[in-house]
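S.K.: The structure follows.
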Amino acid sequence: MMRRAPLVMGQNTYRDISDDICRLTETLPDTKFLFGLSAALCLFGLYALVQGTIAATGMGLQGINHPVGWGTDIVTFVFWIGIGHAGTLISAILFLFRQKWRTSIARTAEAMTVFAVMTAGLFPILHTGRPWLAYWLLPYPNQRGPLWVNFRSPLVWDVFAVSTYATVSMVFWYVGMVPDLATIRDRAKSVWRRRIYGALSLGWRGSARQWNHYEMVYMLLAGLSAPLVLSVHSIVSFDFAVANLPGWHTTIFPPYFVAGAIFSGFGMVVTIMTILREAHPTFKDYITMDHMEAMNKIIMMTGMMVGYAYASEFFIAWYSGVEYEQFTFINRAFGPYWWAYWIMVSCNVFIPQLFWFRFFRRSIPWMFVISIFVNIGMWFERFVITVTSLHRDFLPSNWGMWVATIFDYGALFGSFGMFFTLFLLYTRVLPAISIAEVKPVLPVGRDGGNHGHH
Amino acid sequence: MAIIENLLEAVRPKGKRGVAGIWHDEHHLVEAARKVRETGIKNFEAITPFPVHGLDDAMGIPLSFIPWVTFIMGVCGCAFGLWFTWWTFCRDWPLNIGGKPFFSLPAYIPIMFELTILFAALSSVATLFVVCGIPAIEPQIIDPDLTSHKFGLFIPTGESGYDSAKLEKLLRDLGANEIKHTEF
């Protein structure tokens, strides 16, 4: 019989689990944390400055112009939305498949989803150039007729998909956190701490009738989130696929985008989990090496799925006999942006092949470096799709080049400041591992043999 | 500060008086809950730090009805999406966009899908809030460890037909590690 590795390491009791996980929210951070937070805050400040300047001056500060009208903002929007997908995949789809190893990483992966979607959501709004009119995207009764938004447009589908995704993933994350917030409330020593966490926990008491409905709703939200997450990146891909541009107009886009999103999202989960484990060594009992290895396997598998999509696109370009399509793909790999294409292929297809070897799957420094490469590669994938398709379309008189300005770099790197500021604050304020979900997966037979009833 | 205290006192949900037994192990709690139910007491509550499997059956709690709400509200969301896209583009202000039909059903499906999910998810959570009585402001708790590592049973004195001395004896006989006369 196959031996199953325990999901939680060490000799922990229920009380130890509460102590280990709540400790982060109950102690003052060390200097390493403050250093990291200051760095993130500086980057966040730079981001606010850059985006504020762009909003006040105009989109011309970024490199976009005719014919490349979609640049850093759209590329980075798709990048962050994709990152978010792994959180929902871990928390909802692995939950429905009864993959119990998800329990210890689900909370932080969901937090990553929420923060990534928040970071992503700003980009299309700022890309409109007049973010103060962003409410025009919504179908509301107005004094212009009323003139409604065009529901046939993929960009309007995207407004509905991303806002629904943001809402449902935040609700799912928060509902999952309510019992743990009650745990923190009941451990509180000071009155105000008890009141603040009491308000956040909504007065949860953990009675059997509450748990009965709670578990049902948690499962329902998982069931609703699973098709939702697949729809969101499908609809993001429609932003491209519904257009008639060679390189965008392909039926492979929805599954290709979803696979890429899961790939990049797991890359980011591994990045932040390695940081979280190193910063808080007690978490190594909960986020075990087996969990990290499982995620690395998913990275390798989804990396090969996007590799298959790259190959399939080339094959269809040749097989369809459409010369514009053929030109676009040859131009991608060997045209002026060849370096972007080969960065993408190297980071997404070649480098994750290292995970065939157990040594790389279980080495924290190696998986950290590989996950960074995955993040870089997936940003370049969106860059390749967006910019290289736009820069040379049907007529050579319509060709042009896109060159990044300092504002493009500011928007891209600054968005990491926003994401990491939110993430670092989260780890010290909210329970970073699901307390109520980890306790039931403790190996039977702990607690001095009291569990002998099974 | 006194104002805050008085305000909180006014909105705090009122508990029932009763007796609580506390166990250090969830399996003993499930056994105790089953036996309490066998004595004929219906209105009792178990308080646990995580969902304990088998407790619903032991206490005779039926399966949650919330999936029905989810289903009905999901259907409503889908229907609303269909009606809204039809009404705006076929009735309220028909706009000819690229010569496409006013009623472009395939193009409206993403809208209908997202509204299905949104209505179903938010209504499920709203129903959860109502049936669980949350948000509640500083409700009575029996023991702070019941959200961490201990497991409690609470039996109200009024409705069970037992007085507190008899309830205490019952819970002691069921092996409770601690007994508390309290409100919940």
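Each chain of the structure tokens is named A, B, ... in the order shown, its residues numbered from 1; ligands are numbered from 1 in display order.
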For chain B, list the residues within 7 Å of chain A, counting only C-alpha atoms, and write the list as a PDB file with N, CA and C atoms, in the first residue's frame.
M.R.:
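So the final result, stored in selection_0.pdb, reads:
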```
ATOM      1  N   ASP B  25     -12.239  16.858  23.732  1.00  0.00           N
ATOM      2  CA  ASP B  25     -12.062  15.939  22.620  1.00  0.00           C
ATOM      3  C   ASP B  25     -13.369  15.858  21.849  1.00  0.00           C
ATOM      4  N   HIS B  27     -14.619  13.605  19.825  1.00  0.00           N
ATOM      5  CA  HIS B  27     -15.357  12.339  19.733  1.00  0.00           C
ATOM      6  C   HIS B  27     -16.254  12.131  20.947  1.00  0.00           C
ATOM      7  N   GLU B  45     -27.478  22.990  21.984  1.00  0.00           N
ATOM      8  CA  GLU B  45     -26.550  23.476  20.970  1.00  0.00           C
ATOM      9  C   GLU B  45     -25.156  22.962  21.274  1.00  0.00           C
ATOM     10  N   ALA B  46     -24.408  22.631  20.214  1.00  0.00           N
ATOM     11  CA  ALA B  46     -23.004  22.246  20.389  1.00  0.00           C
ATOM     12  C   ALA B  46     -22.139  23.371  19.830  1.00  0.00           C
ATOM     13  N   ILE B  47     -21.023  23.648  20.486  1.00  0.00           N
ATOM     14  CA  ILE B  47     -20.136  24.725  20.039  1.00  0.00           C
ATOM     15  C   ILE B  47     -18.748  24.123  19.820  1.00  0.00           C
ATOM     16  N   THR B  48     -18.253  24.220  18.597  1.00  0.00           N
ATOM     17  CA  THR B  48     -16.981  23.580  18.265  1.00  0.00           C
ATOM     18  C   THR B  48     -16.090  24.554  17.496  1.00  0.00           C
ATOM     19  N   PRO B  49     -14.764  24.377  17.592  1.00  0.00           N
ATOM     20  CA  PRO B  49     -13.855  25.272  16.865  1.00  0.00           C
ATOM     21  C   PRO B  49     -13.799  24.981  15.370  1.00  0.00           C
ATOM     22  N   PHE B  50     -14.246  23.810  14.948  1.00  0.00           N
ATOM     23  CA  PHE B  50     -14.269  23.488  13.519  1.00  0.00           C
ATOM     24  C   PHE B  50     -15.443  22.542  13.302  1.00  0.00           C
ATOM     25  N   PRO B  51     -15.900  22.384  12.045  1.00  0.00           N
ATOM     26  CA  PRO B  51     -17.039  21.495  11.817  1.00  0.00           C
ATOM     27  C   PRO B  51     -16.677  20.048  12.172  1.00  0.00           C
ATOM     28  N   SER B  64     -28.673  21.375   5.294  1.00  0.00           N
ATOM     29  CA  SER B  64     -29.000  22.790   5.074  1.00  0.00           C
ATOM     30  C   SER B  64     -29.879  22.970   3.831  1.00  0.00           C
ATOM     31  N   THR B  85     -30.591  42.492 -21.031  1.00  0.00           N
ATOM     32  CA  THR B  85     -29.948  42.713 -22.328  1.00  0.00           C
ATOM     33  C   THR B  85     -31.016  42.871 -23.417  1.00  0.00           C
ATOM     34  N   THR B  88     -32.807  46.459 -22.819  1.00  0.00           N
ATOM     35  CA  THR B  88     -32.011  47.626 -23.186  1.00  0.00           C
ATOM     36  C   THR B  88     -31.834  47.717 -24.701  1.00  0.00           C
ATOM     37  N   ALA B 107     -24.081  36.649 -27.887  1.00  0.00           N
ATOM     38  CA  ALA B 107     -23.224  37.673 -27.291  1.00  0.00           C
ATOM     39  C   ALA B 107     -23.680  38.048 -25.889  1.00  0.00           C
ATOM     40  N   TYR B 108     -24.924  37.731 -25.558  1.00  0.00           N
ATOM     41  CA  TYR B 108     -25.417  38.078 -24.219  1.00  0.00           C
ATOM     42  C   TYR B 108     -25.141  36.980 -23.199  1.00  0.00           C
ATOM     43  N   PRO B 110     -22.327  35.593 -21.999  1.00  0.00           N
ATOM     44  CA  PRO B 110     -21.386  35.903 -20.908  1.00  0.00           C
ATOM     45  C   PRO B 110     -22.010  36.765 -19.814  1.00  0.00           C
ATOM     46  N   ILE B 111     -22.845  37.736 -20.199  1.00  0.00           N
ATOM     47  CA  ILE B 111     -23.496  38.596 -19.208  1.00  0.00           C
ATOM     48  C   ILE B 111     -24.429  37.742 -18.338  1.00  0.00           C
ATOM     49  N   GLU B 114     -22.390  35.493 -15.918  1.00  0.00           N
ATOM     50  CA  GLU B 114     -21.786  36.182 -14.768  1.00  0.00           C
ATOM     51  C   GLU B 114     -22.860  36.590 -13.760  1.00  0.00           C
ATOM     52  N   ILE B 117     -23.909  33.589 -11.596  1.00  0.00           N
ATOM     53  CA  ILE B 117     -22.949  33.301 -10.520  1.00  0.00           C
ATOM     54  C   ILE B 117     -23.060  34.361  -9.417  1.00  0.00           C
ATOM     55  N   LEU B 118     -23.151  35.630  -9.831  1.00  0.00           N
ATOM     56  CA  LEU B 118     -23.168  36.713  -8.847  1.00  0.00           C
ATOM     57  C   LEU B 118     -24.403  36.613  -7.946  1.00  0.00           C
ATOM     58  N   ALA B 121     -24.163  33.398  -5.665  1.00  0.00           N
ATOM     59  CA  ALA B 121     -23.161  33.464  -4.595  1.00  0.00           C
ATOM     60  C   ALA B 121     -23.597  34.450  -3.510  1.00  0.00           C
ATOM     61  N   SER B 124     -26.579  33.210  -1.473  1.00  0.00           N
ATOM     62  CA  SER B 124     -26.231  32.117  -0.547  1.00  0.00           C
ATOM     63  C   SER B 124     -25.610  32.691   0.717  1.00  0.00           C
ATOM     64  N   VAL B 125     -24.692  33.644   0.540  1.00  0.00           N
ATOM     65  CA  VAL B 125     -24.015  34.205   1.707  1.00  0.00           C
ATOM     66  C   VAL B 125     -24.995  35.035   2.534  1.00  0.00           C
ATOM     67  N   LEU B 128     -26.941  32.652   4.533  1.00  0.00           N
ATOM     68  CA  LEU B 128     -26.095  32.159   5.638  1.00  0.00           C
ATOM     69  C   LEU B 128     -26.111  33.147   6.792  1.00  0.00           C
ATOM     70  N   CYS B 132     -27.682  32.144  10.420  1.00  0.00           N
ATOM     71  CA  CYS B 132     -26.705  32.050  11.514  1.00  0.00           C
ATOM     72  C   CYS B 132     -26.822  33.214  12.481  1.00  0.00           C
ATOM     73  N   ILE B 134     -25.909  36.291  12.025  1.00  0.00           N
ATOM     74  CA  ILE B 134     -24.771  37.201  11.961  1.00  0.00           C
ATOM     75  C   ILE B 134     -25.075  38.261  10.917  1.00  0.00           C
ATOM     76  N   PRO B 135     -24.488  39.434  10.987  1.00  0.00           N
ATOM     77  CA  PRO B 135     -23.582  39.874  12.041  1.00  0.00           C
ATOM     78  C   PRO B 135     -24.309  40.143  13.363  1.00  0.00           C
ATOM     79  N   ALA B 136     -23.706  39.676  14.463  1.00  0.00           N
ATOM     80  CA  ALA B 136     -24.220  39.932  15.803  1.00  0.00           C
ATOM     81  C   ALA B 136     -23.154  40.702  16.557  1.00  0.00           C
ATOM     82  N   ILE B 137     -23.581  41.644  17.368  1.00  0.00           N
ATOM     83  CA  ILE B 137     -22.604  42.464  18.082  1.00  0.00           C
ATOM     84  C   ILE B 137     -22.332  41.856  19.450  1.00  0.00           C
ATOM     85  N   GLU B 138     -21.098  41.419  19.645  1.00  0.00           N
ATOM     86  CA  GLU B 138     -20.640  40.829  20.908  1.00  0.00           C
ATOM     87  C   GLU B 138     -21.652  39.866  21.512  1.00  0.00           C
ATOM     88  N   PRO B 139     -21.982  38.777  20.805  1.00  0.00           N
ATOM     89  CA  PRO B 139     -22.909  37.802  21.394  1.00  0.00           C
ATOM     90  C   PRO B 139     -22.244  37.091  22.576  1.00  0.00           C
ATOM     91  N   ILE B 141     -20.560  34.445  24.710  1.00  0.00           N
ATOM     92  CA  ILE B 141     -19.830  33.209  24.447  1.00  0.00           C
ATOM     93  C   ILE B 141     -19.617  32.473  25.749  1.00  0.00           C
ATOM     94  N   PRO B 144     -13.873  31.123  25.887  1.00  0.00           N
ATOM     95  CA  PRO B 144     -13.067  31.538  24.730  1.00  0.00           C
ATOM     96  C   PRO B 144     -12.328  30.376  24.068  1.00  0.00           C
ATOM     97  N   THR B 147     -13.511  28.321  20.527  1.00  0.00           N
ATOM     98  CA  THR B 147     -13.133  28.566  19.133  1.00  0.00           C
ATOM     99  C   THR B 147     -11.683  28.149  18.902  1.00  0.00           C
ATOM    100  N   SER B 148     -11.081  27.464  19.879  1.00  0.00           N
ATOM    101  CA  SER B 148      -9.686  27.073  19.694  1.00  0.00           C
ATOM    102  C   SER B 148      -9.477  25.564  19.825  1.00  0.00           C
ATOM    103  N   HIS B 149      -9.737  24.997  21.032  1.00  0.00           N
ATOM    104  CA  HIS B 149      -9.385  23.594  21.207  1.00  0.00           C
ATOM    105  C   HIS B 149     -10.326  22.849  22.142  1.00  0.00           C
TER     106      HIS B 149
END
```
S.K.: Each residue of segment 231-339 of chain A with at least one atom at most 9 Å from segment 89-113 of chain A should appear once, together with its nearest atom pair and the corresponding distance in Å (one decimal); atoms considered: only C-alpha atoms; ordering: chain, then increasing residue number; output as a Markdown table.
M.R.:
```
| residue | atom | partner | partner_atom | distance |
| --- | --- | --- | --- | --- |
| A:Ile262 | CA | A:Leu89 | CA | 7.5 |
| A:Gly265 | CA | A:Thr113 | CA | 8.5 |
| A:Phe266 | CA | A:Ala109 | CA | 8.9 |
| A:Met268 | CA | A:Met112 | CA | 8.5 |
| A:Val269 | CA | A:Ala109 | CA | 6.3 |
| A:Ile272 | CA | A:Met112 | CA | 8.8 |
| A:Met273 | CA | A:Ile105 | CA | 8.1 |
| A:Tyr286 | CA | A:Ser104 | CA | 5.9 |
| A:Ile287 | CA | A:Ser104 | CA | 6.0 |
| A:Thr288 | CA | A:Ser104 | CA | 8.9 |
| A:Asp290 | CA | A:Trp101 | CA | 8.5 |
| A:His291 | CA | A:Trp101 | CA | 6.3 |
| A:Ala294 | CA | A:Trp101 | CA | 8.7 |
```
S.K.: Show me, as a list in words, the residues that have an atom within 10 Å of Gly60 of chain B when counting only C-alpha atoms, minus same-chain residues fewer than 2 positions from it.
M.R.: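 Result of the neighbour search: Ala33, Arg34, Arg37, Lys42, Gly54, Leu55, Asp56, Asp57, Ala58, Pro62 and Leu63 of chain B.
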S.K.: Please determine, counting only C-alpha atoms, which residue among A:Val68, A:Cys42, A:Met367, A:Ile81 has the shortest atom-to-atom distance to Thr388 of chain A.
M.R.: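 Under the stated criterion, the closest residue is A:Val68.
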S.K.: Quick one: residues within 9 Å of segment 156-170 of chain B, only C-alpha atoms, excluding same-chain residues fewer than 6 positions away - as a PyMOL selection string?
M.R.: chain B and resi 16-21+36+40-45+179-181+183-184
S.K.: Can you write just those residues out, C-alpha atoms, as a CSV table (one decimal), in the first residue's frame?
M.R.:
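And here's part_4.csv as it stands now:
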```
chain,number,residue,atom,x,y,z
B,16,LYS,CA,-30.9,32.0,27.2
B,17,ARG,CA,-29.9,30.7,30.7
B,18,GLY,CA,-28.7,27.1,30.8
B,19,VAL,CA,-25.9,24.7,31.6
B,20,ALA,CA,-22.9,24.1,29.4
B,21,GLY,CA,-20.6,21.1,29.5
B,36,VAL,CA,-28.5,14.1,25.2
B,40,GLY,CA,-35.5,13.6,24.7
B,41,ILE,CA,-33.9,17.1,24.9
B,42,LYS,CA,-34.4,18.8,21.5
B,43,ASN,CA,-33.2,22.4,21.9
B,44,PHE,CA,-29.6,22.1,22.7
B,45,GLU,CA,-26.6,23.5,21.0
B,179,ILE,CA,-19.4,22.5,33.7
B,180,LYS,CA,-20.5,26.1,33.4
B,181,HIS,CA,-23.8,27.8,34.5
B,183,GLU,CA,-26.0,32.1,29.1
B,184,PHE,CA,-25.9,31.4,25.4
```
S.K.: Leaving out Thr127 of chain B and any residue of its chain fewer than 4 positions from it, which residues lie within 10 Å of it when counting only C-alpha atoms, given as a PyMOL selection string?
M.R.: (chain A and resi 213+217) or (chain B and resi 65-66+69-70+122-123+131-133)
S.K.: Residues of segment 87-154 of chain B classed as strand (DSSP E or B) by DSSP on the backbone are to be reported as a list in words.
M.R.: Phe151, Gly152, Leu153 and Phe154 of chain B
S.K.: Could you name the residues that touch Ser264 of chain A at 12 Å or less, counting only C-alpha atoms, but leaving out those on the same chain fewer than 3 positions away, as a VMD selection string?
M.R.: chain A and resid 78 to 87 113 116 257 to 261 267 to 271 295 to 296 298 to 303 306 344 347 to 348 352 370 to 382
S.K.: DSSP on the backbone, then: every residue of segment 194-303 of chain A marked helix (DSSP H, G or I), written as a PyMOL selection string.
M.R.: chain A and resi 194-200+208-241+253-279+281-285+289-303
S.K.: I'd like the interatomic distance between atom CA of Thr427 of chain A and atom CA of Ala279 of chain A, to a tenth of an Å.
M.R.: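 For atom CA of Thr427 of chain A relative to atom CA of Ala279 of chain A, the distance reads 10.6 Å.
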S.K.: If you count only C-alpha atoms, which residues fall within 9 Å of Phe89 of chain B, apart from same-chain ones fewer than 2 positions away, as a PyMOL selection string?
M.R.: (chain A and resi 148+150-151) or (chain B and resi 84-87+91-95+102-103)
S.K.: Quick one: write out the picked residues with C-alpha atoms as an mmCIF file, in the first residue's frame?
M.R.:
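Ended up saving to result.cif:
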```cif
data_model
loop_
_atom_site.group_PDB
_atom_site.id
_atom_site.type_symbol
_atom_site.label_atom_id
_atom_site.label_comp_id
_atom_site.auth_asym_id
_atom_site.auth_seq_id
_atom_site.Cartn_x
_atom_site.Cartn_y
_atom_site.Cartn_z
ATOM 1 C CA TRP A 148 -26.697 51.603 -22.722
ATOM 2 C CA ASN A 150 -22.917 47.535 -25.859
ATOM 3 C CA PHE A 151 -23.469 44.064 -24.436
ATOM 4 C CA PHE B 84 -31.981 43.187 -19.154
ATOM 5 C CA THR B 85 -29.948 42.713 -22.328
ATOM 6 C CA TRP B 86 -33.195 42.214 -24.307
ATOM 7 C CA TRP B 87 -34.923 45.211 -22.727
ATOM 8 C CA ARG B 91 -37.044 47.876 -26.274
ATOM 9 C CA ASP B 92 -35.494 50.814 -24.483
ATOM 10 C CA TRP B 93 -33.065 52.113 -27.112
ATOM 11 C CA PRO B 94 -32.395 49.780 -30.042
ATOM 12 C CA LEU B 95 -28.981 50.699 -31.498
ATOM 13 C CA PHE B 102 -30.789 43.673 -31.826
ATOM 14 C CA PHE B 103 -31.355 40.431 -29.981
#
```
S.K.: For atom CA of Gly176 of chain A and atom CA of Ser190 of chain A, determine how far apart the two atoms are, in Å to one decimal place.
M.R.: 24.7 Å
S.K.: Report, in Å with one decimal, the straight-line distance from atom CA of Ala432 of chain A to atom CA of Arg193 of chain A.
M.R.: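 Pair atom CA of Ala432 of chain A / atom CA of Arg193 of chain A returns 17.7 Å.
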